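Novice: Next comes the structure file protein.txt, holding compact mmCIF, C-alpha atoms.
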# COMPACT_ATOMS: atom_id res chain seq x y z
CA MET A 123 -113.89 -57.21 -9.63
CA GLU A 124 -112.24 -57.08 -12.99
CA ASN A 125 -109.20 -55.43 -11.42
CA ARG A 126 -108.88 -58.22 -8.85
CA ASN A 127 -109.14 -60.84 -11.57
CA THR A 128 -106.41 -59.03 -13.51
CA GLN A 129 -104.13 -58.95 -10.43
CA THR A 130 -104.78 -62.64 -9.81
CA ILE A 131 -103.92 -63.47 -13.39
CA THR A 132 -100.75 -61.32 -13.17
CA ARG A 133 -99.59 -63.04 -9.97
CA GLN A 134 -100.26 -66.44 -11.48
CA THR A 135 -98.31 -65.44 -14.59
CA ASN A 136 -95.34 -64.33 -12.42
CA ILE A 137 -95.43 -67.58 -10.48
CA ASN A 138 -95.50 -69.54 -13.73
CA SER A 139 -92.58 -67.46 -15.05
CA ILE A 140 -90.49 -68.19 -11.97
CA ALA A 141 -91.34 -71.86 -12.23
CA ASN A 142 -90.42 -71.88 -15.89
CA PHE A 143 -87.17 -70.00 -15.08
CA ASP A 144 -86.21 -72.62 -12.52
CA SER A 145 -87.08 -75.47 -14.84
CA ASP A 146 -85.62 -73.91 -17.99
CA GLY A 147 -82.29 -72.77 -16.62
CA GLY A 148 -82.68 -71.18 -13.23
CA ASP A 149 -80.95 -74.06 -11.47
CA GLU A 150 -78.01 -73.87 -13.87
CA LEU A 151 -77.64 -70.11 -13.37
CA THR A 152 -77.86 -70.50 -9.60
CA GLN A 153 -75.16 -73.17 -9.69
CA LYS A 154 -72.92 -70.91 -11.78
CA ARG A 155 -73.38 -68.07 -9.32
CA LEU A 156 -72.67 -70.42 -6.42
CA ASN A 157 -69.50 -71.70 -8.09
CA ALA A 158 -68.35 -68.14 -8.75
CA LEU A 159 -69.00 -67.23 -5.09
CA LEU A 160 -67.09 -70.28 -3.85
CA LYS A 161 -64.20 -69.45 -6.16
CA PHE A 162 -64.12 -65.86 -4.91
CA ASN A 163 -64.15 -67.02 -1.28
CA ALA A 164 -61.32 -69.48 -1.97
CA GLU A 165 -59.21 -66.79 -3.64
CA THR A 166 -59.89 -64.39 -0.74
CA ALA A 167 -58.89 -67.04 1.81
CA ASN A 168 -55.75 -67.86 -0.15
CA GLU A 169 -54.81 -64.18 -0.35
CA LYS A 170 -55.29 -63.78 3.40
CA SER A 171 -53.07 -66.81 4.05
CA LEU A 172 -50.25 -65.25 2.01
CA PHE A 173 -50.07 -62.01 3.96
CA ALA A 174 -49.50 -61.65 7.69
CA SER A 175 -51.06 -58.19 7.70
CA GLU A 176 -52.54 -55.49 5.50
CA ARG A 177 -49.20 -53.67 5.71
CA GLU A 178 -47.40 -56.67 4.23
CA LYS A 179 -49.96 -56.84 1.43
CA PHE A 180 -49.43 -53.14 0.74
CA GLU A 181 -45.64 -53.60 0.71
CA SER A 182 -45.94 -56.49 -1.74
CA GLU A 183 -47.81 -54.21 -4.15
CA LEU A 184 -44.84 -51.80 -4.09
CA ILE A 185 -42.36 -54.44 -5.34
CA LYS A 186 -41.14 -53.38 -8.77
CA ASN A 187 -39.70 -56.71 -9.96
CA PRO A 188 -41.52 -59.43 -8.00
CA ILE A 189 -40.51 -63.08 -8.05
CA THR A 190 -42.82 -65.74 -6.61
CA SER A 191 -41.50 -68.38 -4.22
CA GLU A 192 -41.87 -71.05 -6.89
CA LYS A 193 -39.78 -69.09 -9.40
CA ALA A 194 -37.25 -68.00 -6.78
CA PHE A 195 -36.41 -71.57 -5.83
CA ALA A 196 -36.45 -72.67 -9.46
CA TYR A 197 -33.87 -70.01 -10.33
CA PHE A 198 -31.87 -70.86 -7.21
CA GLY A 199 -31.90 -74.51 -8.29
CA LEU A 200 -30.58 -73.48 -11.70
CA ILE A 201 -27.73 -71.55 -10.07
CA LEU A 202 -26.91 -74.37 -7.64
CA GLY A 203 -27.03 -76.93 -10.41
CA THR A 204 -24.58 -74.88 -12.48
CA PHE A 205 -21.82 -73.41 -10.31
CA PRO A 206 -20.98 -75.94 -7.53
CA PRO A 207 -20.60 -78.84 -10.02
CA ALA A 208 -18.51 -76.55 -12.23
CA ALA A 209 -16.34 -75.77 -9.20
CA ILE A 210 -15.78 -79.48 -8.58
CA PHE A 211 -14.80 -80.07 -12.20
CA THR A 212 -12.50 -77.04 -12.12
CA LYS A 213 -10.76 -78.39 -9.03
CA PHE A 214 -10.46 -81.77 -10.75
CA PHE A 215 -8.75 -80.18 -13.75
CA ILE A 216 -6.41 -78.16 -11.53
CA GLU A 217 -5.34 -81.18 -9.50
CA ASN A 218 -4.85 -83.43 -12.53
CA GLY A 219 -2.94 -80.89 -14.63
CA SER A 220 -3.17 -80.80 -18.42
CA PHE A 221 -4.82 -83.47 -20.57
CA ARG A 222 -3.56 -85.22 -23.64
CA GLY A 223 -5.36 -84.59 -26.90
CA ASP A 224 -7.30 -87.86 -26.71
CA GLU A 225 -8.60 -87.09 -23.19
CA PHE A 226 -10.53 -83.91 -23.93
CA TRP A 227 -13.71 -85.94 -24.34
CA ILE A 228 -13.82 -85.81 -20.54
CA VAL A 229 -14.53 -82.08 -20.76
CA GLY A 230 -17.55 -82.75 -22.97
CA VAL A 231 -18.92 -85.39 -20.61
CA LEU A 232 -18.55 -83.14 -17.58
CA ALA A 233 -20.21 -80.28 -19.46
CA VAL A 234 -23.23 -82.52 -20.14
CA VAL A 235 -23.31 -83.55 -16.47
CA ASN A 236 -23.27 -79.90 -15.47
CA LEU A 237 -26.05 -79.02 -17.93
CA ILE A 238 -28.32 -81.82 -16.73
CA SER A 239 -27.79 -80.88 -13.08
CA ALA A 240 -28.73 -77.28 -13.86
CA ILE A 241 -31.87 -78.23 -15.78
CA VAL A 242 -33.08 -80.69 -13.14
CA GLY A 243 -32.22 -78.19 -10.41
CA TYR A 244 -34.44 -75.63 -12.11
CA PHE A 245 -37.50 -77.81 -12.67
CA SER A 246 -37.28 -79.62 -9.33
CA GLY A 247 -36.89 -76.20 -7.72
CA LYS A 248 -40.52 -75.45 -8.57
CA LEU A 249 -41.59 -78.42 -6.43
CA ILE A 250 -39.14 -77.49 -3.68
CA GLY A 251 -40.49 -73.93 -3.74
CA LYS A 252 -43.99 -75.19 -2.97
CA MET A 253 -42.66 -77.35 -0.14
CA VAL A 254 -40.62 -74.52 1.35
CA ARG A 255 -43.55 -72.10 1.08
CA GLU A 256 -45.54 -74.36 3.39
CA THR A 257 -42.54 -74.88 5.67
CA GLU A 258 -42.10 -71.12 6.07
CA LYS A 259 -45.55 -70.95 7.70
CA ILE A 260 -44.44 -72.91 10.77
CA SER A 261 -42.09 -71.81 13.55
CA TRP A 262 -38.48 -70.90 12.83
CA TRP A 263 -37.11 -73.86 14.77
CA GLY A 264 -39.43 -76.26 13.01
CA MET A 265 -38.51 -74.82 9.63
CA LEU A 266 -34.76 -75.05 10.31
CA LEU A 267 -35.18 -78.65 11.41
CA ILE A 268 -36.99 -79.70 8.24
CA LEU A 269 -35.10 -77.69 5.61
CA PRO A 270 -31.85 -79.73 5.56
CA PHE A 271 -33.82 -82.84 4.65
CA ILE A 272 -35.68 -81.01 1.89
CA GLY A 273 -32.32 -79.69 0.68
CA MET A 274 -30.88 -83.20 0.66
CA LEU A 275 -33.81 -84.44 -1.42
CA TRP A 276 -33.33 -81.55 -3.85
CA GLY A 277 -29.60 -82.22 -4.15
CA ILE A 278 -30.11 -85.95 -4.69
CA MET A 279 -32.53 -85.26 -7.54
CA SER A 280 -30.30 -82.70 -9.24
CA GLY A 281 -26.87 -84.23 -8.57
CA GLY A 282 -27.99 -87.80 -9.14
CA ALA A 283 -29.61 -86.93 -12.46
CA GLY A 284 -26.44 -85.24 -13.69
CA GLY A 285 -24.12 -87.95 -12.43
CA ILE A 286 -26.11 -90.75 -14.05
CA ILE A 287 -24.32 -89.88 -17.31
CA ILE A 288 -21.19 -91.39 -15.70
CA PHE A 289 -23.14 -94.52 -14.83
CA ILE A 290 -23.74 -95.82 -11.29
CA ILE A 291 -20.60 -94.39 -9.69
CA GLY A 292 -21.28 -90.95 -11.12
CA ALA A 293 -24.90 -91.03 -10.00
CA LEU A 294 -23.95 -92.00 -6.46
CA PHE A 295 -21.24 -89.36 -6.26
CA GLY A 296 -23.54 -86.74 -7.78
CA ALA A 297 -26.34 -87.60 -5.36
CA TYR A 298 -23.96 -87.49 -2.37
CA PHE A 299 -22.44 -84.18 -3.39
CA GLY A 300 -25.85 -82.72 -4.27
CA ALA A 301 -27.32 -83.77 -0.92
CA LEU A 302 -24.40 -82.16 0.89
CA VAL A 303 -24.73 -78.87 -1.02
CA GLY A 304 -28.53 -78.82 -0.79
CA SER A 305 -28.62 -79.47 2.95
CA ILE A 306 -26.40 -76.41 3.50
CA ALA A 307 -27.57 -74.04 0.78
CA LEU A 308 -31.34 -74.40 1.15
CA PRO A 309 -31.60 -73.49 4.87
CA ILE A 310 -29.32 -70.45 4.45
CA PHE A 311 -31.19 -69.17 1.41
CA THR A 312 -34.61 -69.79 2.98
CA ILE A 313 -33.72 -67.80 6.11
CA PHE A 314 -33.13 -64.71 3.97
CA HIS A 315 -36.12 -65.51 1.77
CA ARG A 316 -38.47 -65.69 4.76
CA LEU A 317 -37.13 -62.45 6.20
CA LEU A 318 -37.35 -60.46 2.97
CA LYS A 319 -40.44 -61.80 1.21
CA LYS A 320 -43.75 -59.98 1.22
CA GLY A 321 -46.52 -62.51 1.04
CA ASP A 322 -45.33 -64.89 -1.67
CA LEU A 323 -43.13 -62.33 -3.45
CA ILE A 324 -39.52 -61.23 -3.16
CA GLU A 325 -37.80 -58.37 -4.96
CA ARG A 326 -35.48 -59.52 -7.75
CA ASN A 327 -32.73 -57.14 -6.61
CA GLN A 328 -32.83 -58.86 -3.22
CA PHE A 329 -33.06 -62.38 -4.59
CA LEU A 330 -30.03 -62.21 -6.89
CA PRO A 331 -27.39 -61.19 -4.29
CA ILE A 332 -28.63 -63.84 -1.86
CA ALA A 333 -28.78 -66.66 -4.44
CA PHE A 334 -25.38 -65.92 -5.96
CA GLY A 335 -23.82 -65.08 -2.59
CA VAL A 336 -24.80 -68.42 -1.02
CA THR A 337 -23.73 -70.31 -4.14
CA PHE A 338 -20.35 -68.61 -4.54
CA ILE A 339 -19.49 -69.12 -0.85
CA ILE A 340 -20.08 -72.86 -1.34
CA CYS A 341 -17.97 -72.79 -4.51
CA ALA A 342 -15.17 -71.05 -2.57
CA PHE A 343 -15.14 -73.86 -0.01
CA ILE A 344 -15.04 -76.45 -2.79
CA LEU A 345 -12.07 -74.76 -4.45
CA GLY A 346 -10.33 -74.27 -1.12
CA LEU A 347 -10.23 -70.48 -1.39
Show me this structure written as structure tokens.
Specialist:
Amino acid sequence: MENRNTQTITRQTNINSIANFDSDGGDELTQKRLNALLKFNAETANEKSLFASEREKFESELIKNPITSEKAFAYFGLILGTFPPAAIFTKFFIENGSFRGDEFWIVGVLAVVNLISAIVGYFSGKLIGKMVRETEKISWWGMLLILPFIGMLWGIMSGGAGGIIIFIIGALFGAYFGALVGSIALPIFTIFHRLLKKGDLIERNQFLPIAFGVTFIICAFILGL
């Protein structure tokens, strides 16, 4: 009888302990565990969406110098914002011959325009990278249809920002030229990016030849080479 009473008291004590645990912090701990589980599930789902297969995931882990899509398009924006405008200014200098001593301020203005285009191209490239990453998930034809418009938007932001230094005319010309370059450069670069990337990563040694190759071909057309 005494043993039964002891067991009853023990069970009641355990029940009271659980009740106190729930009231004193059990709910908070449960919520933390639930949040951690939801976070883990979200990360797992995101990881699965990045890789088409386990083989692609394995290949991404073998990349020695990985660059994410966001960084790849940011760096590409920096390159595009630097060299094509410089090619235009170079052609302008060639066609107009030498300058008098009091006209060299033009060089300084154009250098500032070039610098602003490069900076805006880099930072806007992060946004463009996110947009392109989603576009790469659809069909090839759908992607190729959308990319020129994204490239035009990118070029307008970068070229227009640089050209604004030369007031309205410069901004309009910069936006027009930037849209033209972006609508051509972005689709070409993205084709290679989609083919070579593993998940969301591309090897740096693959990125650099593509980025500079596309850019320098455009510069060659600008210079008439």
Novice: My list of candidates is A:Thr152, A:Thr257, A:Thr190, A:Thr204. Which is closest to Phe338 in chain A when distances are computed with only C-alpha atoms?
Specialist: A:Thr204
Novice: Can you measure CA of Ala297 in chain A to CA of Gly277 in chain A for me? One decimal in Å is fine.
Specialist: 6.4 Å
Novice: For the atom pair CA of Thr212 in chain A and CA of Ser305 in chain A, what is the interatomic distance in Å to one decimal place?
Specialist: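 These two atoms are separated by 22.2 Å.
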Novice: Measure the distance from CA of Ala307 in chain A to CA of Gly282 in chain A in Å and round it to one decimal.
Specialist: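 It comes out at 17.0 Å.
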Novice: Taking (-26.8, -88.2, -11.2) in the file's own coordinates, collect the residues within 12 Å, counting only C-alpha atoms, and hand them back as an MDAnalysis selection string.
Specialist: chainID A and resid 203 207 232 234:240 242:243 276:301
Novice: Write out the residues from the selection above, keeping C-alpha atoms, as a short mmCIF file (atom, residue, chain, number, x, y, z; two decimals), keeping the file's coordinate frame.
Specialist:
data_model
loop_
_atom_site.label_atom_id
_atom_site.label_comp_id
_atom_site.auth_asym_id
_atom_site.auth_seq_id
_atom_site.Cartn_x
_atom_site.Cartn_y
_atom_site.Cartn_z
CA GLY A 203 -27.03 -76.93 -10.41
CA PRO A 207 -20.60 -78.84 -10.02
CA LEU A 232 -18.55 -83.14 -17.58
CA VAL A 234 -23.23 -82.52 -20.14
CA VAL A 235 -23.31 -83.55 -16.47
CA ASN A 236 -23.27 -79.90 -15.47
CA LEU A 237 -26.05 -79.02 -17.93
CA ILE A 238 -28.32 -81.82 -16.73
CA SER A 239 -27.79 -80.88 -13.08
CA ALA A 240 -28.73 -77.28 -13.86
CA VAL A 242 -33.08 -80.69 -13.14
CA GLY A 243 -32.22 -78.19 -10.41
CA TRP A 276 -33.33 -81.55 -3.85
CA GLY A 277 -29.60 -82.22 -4.15
CA ILE A 278 -30.11 -85.95 -4.69
CA MET A 279 -32.53 -85.26 -7.54
CA SER A 280 -30.30 -82.70 -9.24
CA GLY A 281 -26.87 -84.23 -8.57
CA GLY A 282 -27.99 -87.80 -9.14
CA ALA A 283 -29.61 -86.93 -12.46
CA GLY A 284 -26.44 -85.24 -13.69
CA GLY A 285 -24.12 -87.95 -12.43
CA ILE A 286 -26.11 -90.75 -14.05
CA ILE A 287 -24.32 -89.88 -17.31
CA ILE A 288 -21.19 -91.39 -15.70
CA PHE A 289 -23.14 -94.52 -14.83
CA ILE A 290 -23.74 -95.82 -11.29
CA ILE A 291 -20.60 -94.39 -9.69
CA GLY A 292 -21.28 -90.95 -11.12
CA ALA A 293 -24.90 -91.03 -10.00
CA LEU A 294 -23.95 -92.00 -6.46
CA PHE A 295 -21.24 -89.36 -6.26
CA GLY A 296 -23.54 -86.74 -7.78
CA ALA A 297 -26.34 -87.60 -5.36
CA TYR A 298 -23.96 -87.49 -2.37
CA PHE A 299 -22.44 -84.18 -3.39
CA GLY A 300 -25.85 -82.72 -4.27
CA ALA A 301 -27.32 -83.77 -0.92
#
Novice: Smallest atom-to-atom distance to Ile260 in chain A: which of A:Ile201, A:Ile228, A:Ile310, A:Arg316, using only C-alpha atoms?
Specialist: A:Arg316
Novice: Using the file's own x, y and z axes, so that the box edges lie along x, y and z, what centre and edge lengths in Å (one decimal) does a box around every listed atom of range 324-337 of chain A get when 3 Å is added on each side? Give it as AutoDock Vina command-line options.
Specialist:
--center_x -31.6 --center_y -63.7 --center_z -4.4 --size_x 21.8 --size_y 19.2 --size_z 12.7
Novice: Looking at A:Gly264, A:Thr312, A:Lys259, A:Ala208, which one is nearest to Ala233 in chain A, with distances taken over only C-alpha atoms?
Specialist: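 That would be A:Ala208, the residue with the smallest distance to Ala233 in chain A.
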Novice: Kindly extract all protein, DNA and RNA residues lying within 9 Å of the coordinates (-41.6, -61.0, -4.3) given in the file, considering all atoms listed in the file, and supply them as a list in words.
Specialist: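 The residues that fall inside the cut-off are Ser182, Ile185, Lys186, Asn187, Pro188, Ile189, Thr190, Ser191, Ala194, Leu318, Lys319, Lys320, Gly321, Asp322, Leu323, Ile324, Glu325, Arg326 and Phe329 of chain A.
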Novice: Can you tell me, as a JSON list (two decimals) with C-alpha atoms, in the coordinates of the input, what residues are no more than 7 Å from range 246-249 of chain A when counting only C-alpha atoms, ignoring any on the same chain fewer than 3 positions away?
Specialist:
[["chain", "number", "residue", "atom", "x", "y", "z"],
["A", 192, "GLU", "CA", -41.87, -71.05, -6.89],
["A", 193, "LYS", "CA", -39.78, -69.09, -9.40],
["A", 195, "PHE", "CA", -36.41, -71.57, -5.83],
["A", 196, "ALA", "CA", -36.45, -72.67, -9.46],
["A", 199, "GLY", "CA", -31.90, -74.51, -8.29],
["A", 242, "VAL", "CA", -33.08, -80.69, -13.14],
["A", 243, "GLY", "CA", -32.22, -78.19, -10.41],
["A", 252, "LYS", "CA", -43.99, -75.19, -2.97],
["A", 253, "MET", "CA", -42.66, -77.35, -0.14]]
Novice: Could N, CA and C atoms be built for range 307-318 of chain A and written out as a CSV table (one decimal), in the coordinates of the input?
Specialist:
chain,number,residue,atom,x,y,z
A,307,ALA,N,-27.1,-75.2,1.5
A,307,ALA,CA,-27.6,-74.0,0.8
A,307,ALA,C,-29.0,-73.7,1.0
A,308,LEU,N,-29.9,-74.7,1.0
A,308,LEU,CA,-31.3,-74.4,1.2
A,308,LEU,C,-31.7,-73.7,2.5
A,309,PRO,N,-31.2,-74.2,3.6
A,309,PRO,CA,-31.6,-73.5,4.9
A,309,PRO,C,-31.1,-72.0,4.9
A,310,ILE,N,-29.9,-71.8,4.4
A,310,ILE,CA,-29.3,-70.4,4.4
A,310,ILE,C,-30.1,-69.5,3.6
A,311,PHE,N,-30.4,-70.0,2.3
A,311,PHE,CA,-31.2,-69.2,1.4
A,311,PHE,C,-32.6,-68.9,1.9
A,312,THR,N,-33.2,-69.9,2.5
A,312,THR,CA,-34.6,-69.8,3.0
A,312,THR,C,-34.7,-68.8,4.2
A,313,ILE,N,-33.7,-68.8,5.0
A,313,ILE,CA,-33.7,-67.8,6.1
A,313,ILE,C,-33.9,-66.4,5.6
A,314,PHE,N,-33.0,-66.0,4.6
A,314,PHE,CA,-33.1,-64.7,4.0
A,314,PHE,C,-34.4,-64.5,3.2
A,315,HIS,N,-34.9,-65.6,2.5
A,315,HIS,CA,-36.1,-65.5,1.8
A,315,HIS,C,-37.3,-65.2,2.7
A,316,ARG,N,-37.4,-65.9,3.8
A,316,ARG,CA,-38.5,-65.7,4.8
A,316,ARG,C,-38.4,-64.3,5.4
A,317,LEU,N,-37.3,-63.8,5.6
A,317,LEU,CA,-37.1,-62.4,6.2
A,317,LEU,C,-37.5,-61.3,5.2
A,318,LEU,N,-37.2,-61.5,3.9
A,318,LEU,CA,-37.4,-60.5,3.0
A,318,LEU,C,-38.6,-60.5,2.1
